[in-house]
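Shown next: final-v8.cif, given as mmCIF, C-alpha atoms.
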```cif
data_my_file
#
loop_
_atom_site.label_atom_id
_atom_site.label_comp_id
_atom_site.auth_asym_id
_atom_site.auth_seq_id
_atom_site.Cartn_x
_atom_site.Cartn_y
_atom_site.Cartn_z
CA MET A 1 -19.63 47.95 37.38
CA ARG A 2 -18.22 46.59 40.62
CA ARG A 3 -15.48 43.94 40.44
CA TYR A 4 -16.69 40.39 40.99
CA ARG A 5 -15.03 37.52 42.82
CA VAL A 6 -14.50 34.24 41.01
CA ALA A 7 -13.71 30.67 42.11
CA ILE A 8 -12.54 28.15 39.49
CA VAL A 9 -12.84 24.35 39.64
CA ALA A 10 -10.86 22.65 36.88
CA PRO A 11 -9.31 19.16 36.85
CA ALA A 12 -6.02 20.31 35.40
CA ALA A 13 -3.91 23.11 36.87
CA ILE A 14 -3.07 24.36 33.40
CA ILE A 15 -6.77 24.99 32.68
CA GLY A 16 -7.53 26.66 36.01
CA GLU A 17 -4.47 28.89 35.86
CA GLY A 18 -5.12 29.63 32.18
CA ILE A 19 -8.64 30.92 32.85
CA ALA A 20 -7.38 32.90 35.84
CA THR A 21 -4.78 34.60 33.65
CA ILE A 22 -7.42 35.56 31.08
CA LEU A 23 -9.68 36.99 33.81
CA ARG A 24 -6.87 38.99 35.39
CA ARG A 25 -6.04 40.42 31.97
CA GLY A 26 -9.72 41.36 31.54
CA GLY A 27 -9.47 43.51 34.68
CA GLU A 28 -13.08 43.15 35.94
CA ALA A 29 -12.76 40.05 38.11
CA ASP A 30 -10.65 38.86 41.03
CA VAL A 31 -9.87 35.14 40.99
CA VAL A 32 -9.93 34.21 44.67
CA LEU A 33 -9.91 30.38 44.59
CA ILE A 34 -8.66 27.73 42.14
CA GLU A 35 -9.16 24.05 43.00
CA ARG A 36 -9.15 20.67 41.28
CA SER A 37 -12.40 19.42 42.86
CA LEU A 38 -15.71 20.88 43.93
CA GLY A 39 -15.41 19.23 47.35
CA ASP A 40 -12.27 21.24 48.06
CA ILE A 41 -13.87 24.53 47.11
CA LEU A 42 -17.45 24.34 48.51
CA PRO A 43 -16.57 24.84 52.19
CA ARG A 44 -14.53 27.91 51.27
CA LEU A 45 -17.01 29.65 48.94
CA ARG A 46 -18.72 31.62 51.71
CA GLY A 47 -15.56 32.68 53.48
CA ALA A 48 -14.15 33.99 50.20
CA ASP A 49 -17.37 35.91 49.42
CA VAL A 50 -17.50 34.43 45.92
CA ASP A 51 -19.90 35.91 43.32
CA MET A 52 -19.22 33.43 40.51
CA LEU A 53 -18.18 29.80 40.28
CA ILE A 54 -16.65 28.54 37.04
CA VAL A 55 -16.80 24.76 37.16
CA ASP A 56 -15.81 21.97 34.81
CA THR A 57 -19.11 20.22 34.10
CA ALA A 58 -17.42 16.83 34.19
CA LEU A 59 -16.80 17.41 37.92
CA LEU A 60 -20.31 18.46 38.91
CA ARG A 61 -23.20 16.31 40.08
CA THR A 62 -26.68 17.77 40.52
CA THR A 63 -26.89 17.44 44.26
CA GLU A 64 -23.63 19.10 45.15
CA LEU A 65 -24.60 22.74 44.58
CA GLY A 66 -27.54 23.06 46.95
CA GLU A 67 -30.04 25.87 47.58
CA GLU A 68 -27.69 27.57 50.01
CA TYR A 69 -25.53 28.65 47.05
CA SER A 70 -28.43 30.02 45.01
CA ASP A 71 -26.99 33.55 45.04
CA ILE A 72 -23.76 32.45 43.32
CA VAL A 73 -23.62 32.67 39.51
CA VAL A 74 -22.44 29.33 38.10
CA VAL A 75 -20.71 29.25 34.71
CA ALA A 76 -20.07 25.92 32.99
CA LEU A 77 -16.61 25.09 31.74
CA GLN A 78 -17.24 22.50 29.04
CA THR A 79 -14.32 20.16 28.54
CA SER A 80 -16.39 17.08 27.76
CA LEU A 81 -19.96 15.91 27.24
CA TYR A 82 -22.10 16.48 30.30
CA ASP A 83 -25.33 15.53 31.97
CA ALA A 84 -28.45 17.47 30.87
CA GLU A 85 -29.75 17.73 34.44
CA VAL A 86 -26.53 19.40 35.55
CA ALA A 87 -26.72 21.81 32.64
CA ARG A 88 -29.91 23.34 34.06
CA ARG A 89 -27.96 24.98 36.87
CA MET A 90 -25.74 26.76 34.34
CA THR A 91 -26.77 30.07 32.83
CA HIS A 92 -23.69 30.58 30.66
CA ALA A 93 -20.91 28.39 29.28
CA ILE A 94 -17.35 28.68 28.07
CA THR A 95 -15.33 25.93 26.36
CA LEU A 96 -11.65 25.22 25.90
CA TYR A 97 -12.04 26.61 22.41
CA THR A 98 -13.79 29.88 23.34
CA ALA A 99 -11.81 32.95 22.24
CA GLU A 100 -10.31 35.08 25.03
CA GLU A 101 -12.52 38.15 24.45
CA ASP A 102 -15.61 35.90 24.29
CA ILE A 103 -14.70 34.37 27.64
CA LEU A 104 -14.52 37.83 29.20
CA ARG A 105 -17.77 38.92 27.58
CA THR A 106 -19.63 35.76 28.61
CA LEU A 107 -18.59 36.17 32.24
CA SER A 108 -19.57 39.86 32.26
CA GLN A 109 -23.01 38.94 30.94
CA ALA A 110 -23.35 36.14 33.49
CA ILE A 111 -22.62 38.37 36.47
CA ASP A 112 -25.06 41.06 35.30
CA ALA A 113 -27.91 38.78 34.23
CA PRO A 114 -30.78 38.27 36.67
CA SER A 115 -30.81 34.56 37.48
CA GLU A 116 -33.57 32.36 36.06
CA ALA A 117 -34.67 31.64 39.59
CA SER A 118 -34.98 35.28 40.59
CA ALA A 119 -36.88 36.17 37.42
CA HIS A 120 -39.62 33.64 38.03
CA GLU A 121 -39.60 33.02 41.76
CA SER A 122 -42.31 34.28 44.05
CA HIS A 123 -41.66 37.50 45.92
CA GLU A 124 -43.08 35.93 49.10
CA LEU A 125 -40.50 35.76 51.87
CA SER A 126 -39.54 32.27 53.04
CA ASP A 127 -40.05 31.43 56.74
CA ARG A 128 -36.33 31.87 57.41
CA GLU A 129 -36.21 35.21 55.59
CA ARG A 130 -39.19 36.33 57.66
CA ASP A 131 -37.34 35.38 60.87
CA VAL A 132 -34.31 37.40 59.73
CA LEU A 133 -36.47 40.38 58.70
CA ILE A 134 -38.17 40.49 62.11
CA LEU A 135 -34.78 40.60 63.86
CA VAL A 136 -33.51 43.28 61.45
CA ALA A 137 -36.61 45.34 62.24
CA LYS A 138 -35.95 44.90 65.96
CA GLY A 139 -32.48 46.37 65.42
CA PHE A 140 -30.33 43.20 65.68
CA THR A 141 -26.91 43.20 63.93
CA ASN A 142 -25.99 40.42 61.46
CA LYS A 143 -23.84 38.77 64.12
CA GLU A 144 -26.66 38.84 66.69
CA ILE A 145 -29.12 37.46 64.13
CA ALA A 146 -26.68 34.61 63.30
CA SER A 147 -26.37 33.62 66.94
CA GLU A 148 -30.12 34.02 67.65
CA LEU A 149 -31.07 31.75 64.71
CA SER A 150 -28.00 29.45 64.98
CA ILE A 151 -26.89 30.10 61.42
CA SER A 152 -23.65 31.50 60.00
CA PRO A 153 -23.24 35.25 59.43
CA HIS A 154 -22.77 34.50 55.73
CA THR A 155 -26.17 32.82 55.61
CA VAL A 156 -27.65 35.91 57.32
CA ILE A 157 -26.11 38.10 54.60
CA SER A 158 -27.50 35.80 51.92
CA HIS A 159 -31.00 35.98 53.49
CA ARG A 160 -30.72 39.77 53.71
CA LYS A 161 -29.82 39.98 50.00
CA ASN A 162 -32.94 37.95 49.21
CA ILE A 163 -35.10 40.13 51.49
CA VAL A 164 -33.88 43.30 49.72
CA HIS A 165 -34.50 41.67 46.35
CA LYS A 166 -38.01 40.49 47.24
CA THR A 167 -39.26 43.55 49.14
CA GLY A 168 -37.43 46.20 47.07
CA ILE A 169 -36.43 47.85 50.36
CA ARG A 170 -32.81 48.53 51.38
CA SER A 171 -32.89 50.63 54.55
CA VAL A 172 -33.46 49.19 58.01
CA ALA A 173 -36.05 51.94 58.62
CA GLY A 174 -37.95 50.85 55.49
CA LEU A 175 -37.75 47.17 56.44
CA THR A 176 -39.17 48.00 59.88
CA VAL A 177 -42.17 49.70 58.26
CA TYR A 178 -42.54 46.67 55.97
CA ALA A 179 -42.54 44.34 58.98
CA VAL A 180 -45.25 46.38 60.74
CA LEU A 181 -47.48 46.84 57.67
CA ASN A 182 -47.27 43.09 56.97
CA LYS A 183 -48.09 42.31 60.63
CA LEU A 184 -44.79 40.51 61.22
CA ILE A 185 -44.18 42.49 64.40
CA ASP A 186 -46.41 44.38 66.80
CA SER A 187 -45.87 47.48 68.92
CA GLU A 188 -44.46 45.53 71.87
CA GLN A 189 -41.71 44.05 69.69
CA LEU A 190 -40.61 47.40 68.30
CA MET B 1 -41.25 72.50 15.69
CA ASN B 2 -38.34 73.66 13.56
CA ASN B 3 -35.90 74.12 16.34
CA ILE B 4 -36.28 70.91 18.30
CA TYR B 5 -34.89 67.87 16.62
CA SER B 6 -33.36 64.65 17.86
CA ASN B 7 -30.03 63.07 17.15
CA ALA B 8 -28.99 59.67 18.42
CA THR B 9 -28.45 60.77 22.00
CA HIS B 10 -30.60 63.79 22.87
CA SER B 11 -32.83 66.49 21.45
CA VAL B 12 -31.20 69.76 20.52
CA ILE B 13 -32.86 72.91 21.81
CA GLU B 14 -32.01 76.15 20.02
CA PRO B 15 -32.06 79.67 21.63
CA LYS B 16 -34.61 80.88 19.06
CA LEU B 17 -37.15 78.25 20.08
CA LYS B 18 -40.37 79.59 21.63
CA LEU B 19 -40.77 78.72 25.30
CA PHE B 20 -44.31 77.42 24.74
CA GLU B 21 -43.03 75.09 21.99
CA LEU B 22 -40.39 73.72 24.33
CA ILE B 23 -42.98 73.14 27.08
CA ASP B 24 -45.42 71.66 24.59
CA THR B 25 -42.81 69.05 23.61
CA HIS B 26 -41.31 68.56 27.08
CA PRO B 27 -43.89 69.43 29.79
CA SER B 28 -41.39 68.59 32.55
CA VAL B 29 -39.59 71.85 31.70
CA VAL B 30 -42.42 73.68 33.48
CA SER B 31 -40.80 72.82 36.80
CA ILE B 32 -37.57 74.61 35.73
CA VAL B 33 -39.56 77.70 34.77
CA SER B 34 -41.24 77.57 38.17
CA ARG B 35 -37.92 77.22 40.04
CA LEU B 36 -36.37 80.16 38.19
CA ASN B 37 -39.35 82.44 38.94
CA ILE B 38 -39.84 83.13 35.23
CA THR B 39 -42.93 85.29 34.92
CA LEU B 40 -46.10 83.97 33.33
CA PRO B 41 -47.82 84.33 30.93
CA PHE B 42 -44.96 84.08 28.48
CA GLY B 43 -46.87 84.42 25.18
CA ASP B 44 -44.67 83.48 22.27
CA ILE B 45 -41.37 84.67 23.75
CA SER B 46 -38.25 82.84 22.54
CA LEU B 47 -35.79 81.23 24.97
CA GLU B 48 -33.10 83.84 24.21
CA ASP B 49 -35.48 86.79 24.65
CA MET B 50 -36.84 85.36 27.87
CA CYS B 51 -33.33 84.80 29.25
CA ARG B 52 -32.24 88.30 28.23
CA ARG B 53 -35.34 89.76 29.92
CA ASP B 54 -34.87 87.82 33.16
CA GLY B 55 -31.05 87.94 33.28
CA TYR B 56 -30.28 84.26 32.66
CA ASP B 57 -27.62 82.74 30.44
CA VAL B 58 -29.58 81.08 27.63
CA GLY B 59 -26.81 78.44 27.18
CA LEU B 60 -27.17 77.45 30.82
CA PHE B 61 -30.97 77.44 30.63
CA ILE B 62 -30.83 75.06 27.64
CA THR B 63 -28.26 72.88 29.41
CA LEU B 64 -30.53 72.59 32.47
CA CYS B 65 -33.50 71.72 30.23
CA ASN B 66 -31.49 69.00 28.49
CA MET B 67 -30.32 67.53 31.80
CA HIS B 68 -33.92 67.38 33.07
CA ILE B 69 -35.26 65.90 29.83
CA ASP B 70 -32.55 63.27 29.34
CA PRO B 71 -30.75 61.84 32.41
CA SER B 72 -27.88 60.61 30.21
CA TYR B 73 -27.23 64.11 28.79
CA ARG B 74 -23.79 65.49 29.65
CA PRO B 75 -23.25 69.25 29.29
CA ASP B 76 -20.95 70.86 26.75
CA MET B 77 -18.74 72.94 29.02
CA THR B 78 -17.39 75.07 26.18
CA ALA B 79 -20.85 76.54 25.59
CA LEU B 80 -21.09 78.00 29.12
CA ARG B 81 -20.07 81.45 30.31
CA PRO B 82 -17.14 81.62 32.78
CA ASN B 83 -19.40 82.98 35.52
CA ALA B 84 -21.93 80.14 35.11
CA ILE B 85 -20.97 78.76 38.56
CA GLU B 86 -22.96 81.45 40.32
CA ASP B 87 -26.04 80.74 38.20
CA VAL B 88 -25.72 76.96 38.64
CA ILE B 89 -25.51 77.35 42.42
CA GLY B 90 -28.48 79.73 42.22
CA TYR B 91 -30.44 77.04 40.38
CA LEU B 92 -29.44 74.31 42.85
CA ARG B 93 -30.56 76.50 45.77
CA ALA B 94 -33.83 77.22 43.96
CA SER B 95 -34.26 73.46 43.48
CA HIS B 96 -33.78 72.87 47.21
CA ARG B 97 -36.58 75.36 47.87
CA TYR B 98 -38.73 73.69 45.22
CA TYR B 99 -38.31 70.28 46.91
CA ALA B 100 -38.89 71.69 50.39
CA GLN B 101 -41.86 73.90 49.58
CA TYR B 102 -43.55 71.95 46.81
CA MET B 103 -42.53 68.38 46.02
CA ILE B 104 -41.99 66.97 49.53
CA PRO B 105 -45.17 68.56 51.00
CA HIS B 106 -47.07 67.18 47.98
CA VAL B 107 -46.03 63.61 48.87
CA ALA B 108 -46.88 64.36 52.52
CA ARG B 109 -50.45 65.36 51.61
CA HIS B 110 -51.00 61.98 49.92
CA LEU B 111 -49.43 60.28 52.92
CA ASP B 112 -51.94 62.00 55.26
CA GLU B 113 -54.79 60.54 53.22
CA ILE B 114 -53.19 57.11 53.29
CA LEU B 115 -52.60 57.24 57.05
CA ALA B 116 -56.31 57.80 57.59
CA GLU B 117 -56.81 54.25 56.27
CA CYS B 118 -54.19 52.64 58.54
CA ASP B 119 -54.23 51.25 62.10
CA ALA B 120 -52.52 53.19 64.87
CA LEU B 121 -49.21 51.31 64.80
CA SER B 122 -48.89 51.49 60.99
CA GLN B 123 -49.69 55.21 61.19
CA ARG B 124 -46.95 55.70 63.74
CA VAL B 125 -44.19 53.85 61.81
CA LEU B 126 -45.15 55.29 58.40
CA ARG B 127 -45.27 58.82 59.80
CA SER B 128 -41.93 58.40 61.51
CA PHE B 129 -40.39 56.86 58.36
CA TYR B 130 -41.52 59.83 56.29
CA ASP B 131 -40.47 62.38 58.91
CA ASP B 132 -37.00 60.75 59.07
CA TYR B 133 -36.81 60.81 55.30
CA THR B 134 -37.73 64.49 55.12
CA HIS B 135 -35.31 65.32 57.92
CA TYR B 136 -32.52 63.39 56.17
CA VAL B 137 -33.11 65.11 52.83
CA MET B 138 -33.39 68.58 54.37
CA THR B 139 -30.22 68.07 56.43
CA HIS B 140 -28.44 67.06 53.23
CA PHE B 141 -29.62 70.24 51.49
CA GLU B 142 -28.56 72.41 54.42
CA TYR B 143 -25.16 70.77 54.46
CA GLU B 144 -24.70 71.47 50.75
CA GLU B 145 -25.79 75.08 51.06
CA ARG B 146 -23.73 75.87 54.15
CA ASN B 147 -20.58 73.96 53.33
CA ILE B 148 -20.28 73.12 49.65
CA PHE B 149 -21.98 76.03 47.88
CA ALA B 150 -20.58 78.59 50.30
CA ALA B 151 -17.06 77.15 49.85
CA ILE B 152 -17.37 77.37 46.07
CA GLU B 153 -18.62 80.93 46.26
CA ARG B 154 -15.63 81.85 48.44
CA ALA B 155 -13.36 80.00 46.01
CA GLN B 156 -14.47 82.29 43.21
CA SER B 157 -12.58 85.13 44.86
CA SER B 158 -9.67 83.11 46.24
CA ALA B 159 -9.68 80.52 43.40
CA ARG B 160 -8.99 77.75 45.90
CA CYS B 161 -11.43 74.96 46.49
CA ASP B 162 -11.22 71.46 47.91
CA LEU B 163 -12.93 69.40 45.23
CA SER B 164 -13.41 66.48 47.59
CA THR B 165 -16.25 68.44 49.25
CA LEU B 166 -18.25 67.84 46.07
CA GLU B 167 -18.03 64.08 46.52
CA ARG B 168 -20.76 63.78 49.13
CA PRO B 169 -22.78 60.76 48.00
CA HIS B 170 -26.50 60.94 47.25
CA GLY B 171 -27.00 57.16 47.12
CA ASP B 172 -28.74 57.05 50.50
CA ILE B 173 -31.41 59.54 49.44
CA ASP B 174 -32.08 57.54 46.29
CA ASP B 175 -32.33 54.28 48.30
CA ARG B 176 -34.74 55.81 50.82
CA THR B 177 -36.91 57.30 48.07
CA ASN B 178 -37.06 53.90 46.38
CA ASP B 179 -37.89 52.24 49.72
CA MET B 180 -40.87 54.56 50.04
CA ALA B 181 -42.09 53.58 46.56
CA SER B 182 -41.67 49.86 47.34
CA LEU B 183 -43.73 50.22 50.54
CA VAL B 184 -46.54 51.95 48.62
CA ILE B 185 -46.50 49.28 45.91
CA LYS B 186 -46.24 46.20 48.09
CA SER B 187 -47.26 46.80 51.67
CA LEU B 188 -50.05 49.34 52.20
CA PRO B 189 -53.28 47.94 53.65
CA GLU B 190 -55.77 46.74 51.03
CA ARG B 191 -58.35 49.40 51.88
CA VAL B 192 -56.06 52.20 50.61
CA SER B 193 -57.59 52.99 47.22
CA THR B 194 -55.69 52.36 44.00
CA PRO B 195 -56.02 55.97 42.70
CA LEU B 196 -54.53 57.22 45.97
CA ARG B 197 -51.63 54.74 45.78
CA CYS B 198 -51.00 55.73 42.16
CA ALA B 199 -51.06 59.45 42.95
CA MET B 200 -48.57 58.90 45.78
CA LEU B 201 -46.33 56.75 43.54
CA LYS B 202 -46.37 59.32 40.74
CA ASP B 203 -45.18 62.01 43.15
CA ILE B 204 -42.52 59.79 44.75
CA TYR B 205 -41.05 58.82 41.37
CA ALA B 206 -41.18 62.45 40.18
CA LEU B 207 -39.26 63.44 43.33
CA ARG B 208 -36.76 60.60 42.87
CA ASP B 209 -36.08 61.44 39.23
CA ASP B 210 -35.74 65.15 39.97
CA LEU B 211 -33.30 64.43 42.80
CA ARG B 212 -31.28 62.24 40.40
CA THR B 213 -31.11 65.12 37.90
CA HIS B 214 -30.11 67.38 40.79
CA THR B 215 -27.18 65.04 41.55
CA ASN B 216 -26.25 64.97 37.84
CA ILE B 217 -26.20 68.78 37.77
CA GLU B 218 -23.83 68.78 40.75
CA MET B 219 -21.55 66.08 39.34
CA TYR B 220 -21.50 66.86 35.62
CA LEU B 221 -22.10 70.62 35.54
CA LEU B 222 -21.06 72.23 38.83
CA ARG B 223 -18.01 70.04 39.42
CA PRO B 224 -16.40 70.59 35.99
CA LEU B 225 -17.07 74.33 36.34
CA VAL B 226 -15.27 74.40 39.69
CA GLU B 227 -12.43 72.32 38.24
CA ARG B 228 -12.14 74.80 35.39
CA LEU B 229 -12.06 77.70 37.85
CA VAL B 230 -9.28 76.10 39.91
CA LYS B 231 -7.28 75.20 36.80
CA THR B 232 -7.55 78.72 35.33
CA ALA B 233 -6.47 80.23 38.65
CA LYS B 234 -3.38 77.98 38.77
CA GLN B 235 -2.35 79.09 35.31
#
```

Rewritten as structure tokens:
Amino acid sequence: MRRYRVAIVAPAAIIGEGIATILRRGGEADVVLIERSLGDILPRLRGADVDMLIVDTALLRTTELGEEYSDIVVVALQTSLYDAEVARRMTHAITLYTAEEDILRTLSQAIDAPSEASAHESHELSDRERDVLILVAKGFTNKEIASELSISPHTVISHRKNIVHKTGIRSVAGLTVYAVLNKLIDSEQL
Amino acid sequence: MNNIYSNATHSVIEPKLKLFELIDTHPSVVSIVSRLNITLPFGDISLEDMCRRDGYDVGLFITLCNMHIDPSYRPDMTALRPNAIEDVIGYLRASHRYYAQYMIPHVARHLDEILAECDALSQRVLRSFYDDYTHYVMTHFEYEERNIFAAIERAQSSARCDLSTLERPHGDIDDRTNDMASLVIKSLPERVSTPLRCAMLKDIYALRDDLRTHTNIEMYLLRPLVERLVKTAKQ
């Protein structure tokens, strides 16, 4: 399995550093960010190419983790009672009393599990994903697509991951055929 | 079926087993027989008698069968003759011919029928996608035959071989084969009939799985044999 990149949000340094130490010992994950608040970490998630966010549930409100982070696995760190609405975003949980090997196993399962959303969501491309696909089919690079659509290159990468997931097609050549067969582009645009 | 039984990981095939019994249990073995030019009809000949008659190592034949039947099967190197490298390369070359002359053209015939149902632009991009795919796969085979296999054959006399040449990845071929299947499942025009789509899919997945076994044979059979050769030479 490939190594995954983790960001940790915990109110106390001793907790954040403690989890990081356990993960480093486990050898499968790289801890790339540790912060005391979600606000400090959100703007840096994309730049750090984070796969998993471990967050103290006491610090998380529903609205903070928007759609744009839907590809990041979120694991709850339970240090206190928390809001049921918030809990829906969590697929897995660890507590202060979880044994070390159980922490490592829980995180491994979380990174490998297909997300709830992806298991049930429609395989229809969103309008934005369609825009990105058309530009991919026309041979644009990620950087060119970002500037054409006025979005960040990280958002382009996130859209491309979703396109691959929904269409089941990885190669640019295959995506071009997909775009033509689904009438997203015509011969003049090729 | 006295000689085929299963343990937790894979079925065990014994040399005394009749070829027809093996095929009766595992029909996919027919494609190995076809690649090795084993003559038909084979009556009730046993695997060891057949191999003796046609000059194959029965241990290697059984290993190849196991690798085709169970993708997680890993060969027992101690059961193979020292000169198995030559035979393994012979089998890999025969597999290349089997893909080029049989499996790939088979998919192409279904594609021709599908193209007849498509508009001109779809025909053009699908045809070019498949031609690129074929070209990519054939170039990969040629590369292996000219560079890797030839280098290993030379190494058998000089006992020197750069093992890194065996590392050429096959991931791209697997991705492209899967892309083709996804297009057939999700994107062909509605008027392409379901039986035709299914026939095409069956052939694409058969090709994909066989190519995966081919990669396994290179990585888990050929590579350890070459490593053994180099190690013995050093000693």

| request: Pull the neighbourhood of (-22.5, 29.3, 41.9) for me: all residues within 9 Å in file coordinates, counting all atoms listed in the file, as a list in words. | output: Ala7, Leu45, Val50, Asp51, Met52, Leu53, Ile54, Val55, Leu65, Tyr69, Ser70, Asp71, Ile72, Val73, Val74, Val75, Arg89 and Met90 of chain A

| query | If the PyMOL selection byres ((chain B) within 9 of (chain A)) is run on the structure shown, which residues does it catch, given as a list in words? | reply |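 When the PyMOL selection byres ((chain B) within 9 of (chain A)) is applied, the selected residues are Cys118, Leu121, Ser122, Val125, Leu126, Phe129, Asp132, Asp172, Asp175, Arg176, Asn178, Asp179, Met180, Ala181, Ser182, Leu183, Lys186, Ser187, Leu188 and Pro189 of chain B.
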
| task | Mind checking which residues fall within 10 Å of region 17-34 of chain B, counting all atoms listed in the file, ignoring those fewer than 2 positions away in the same chain, and posting them as a PyMOL selection string? | result | chain B and resi 1-4+13-15+36-50+61+64-66+68-69+91+94-95+98+206+210

Show which residues sit within 8 Å of region 28-34 of chain A, as a PDB file with C-alpha atoms, in the coordinates of the input. Count only C-alpha atoms, and ignore same-chain residues fewer than 6 positions away.
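Saved result, around_32.pdb, follows:
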```pdb
ATOM      1  CA  ARG A   2     -18.220  46.590  40.620  1.00  0.00           C
ATOM      2  CA  ARG A   3     -15.480  43.940  40.440  1.00  0.00           C
ATOM      3  CA  TYR A   4     -16.690  40.390  40.990  1.00  0.00           C
ATOM      4  CA  ARG A   5     -15.030  37.520  42.820  1.00  0.00           C
ATOM      5  CA  VAL A   6     -14.500  34.240  41.010  1.00  0.00           C
ATOM      6  CA  ALA A   7     -13.710  30.670  42.110  1.00  0.00           C
ATOM      7  CA  ILE A   8     -12.540  28.150  39.490  1.00  0.00           C
ATOM      8  CA  VAL A   9     -12.840  24.350  39.640  1.00  0.00           C
ATOM      9  CA  ALA A  10     -10.860  22.650  36.880  1.00  0.00           C
ATOM     10  CA  GLY A  16      -7.530  26.660  36.010  1.00  0.00           C
ATOM     11  CA  GLU A  17      -4.470  28.890  35.860  1.00  0.00           C
ATOM     12  CA  ALA A  20      -7.380  32.900  35.840  1.00  0.00           C
ATOM     13  CA  ILE A  41     -13.870  24.530  47.110  1.00  0.00           C
ATOM     14  CA  ALA A  48     -14.150  33.990  50.200  1.00  0.00           C
ATOM     15  CA  VAL A  50     -17.500  34.430  45.920  1.00  0.00           C
TER      16      VAL A  50
END
```

| field | Selection result of the PyMOL selection byres ((chain A and resi 11) around 8) on this file, as number ranges by chain | value | A: 9-10, 12-13, 15-16, 35-37, 56, 59
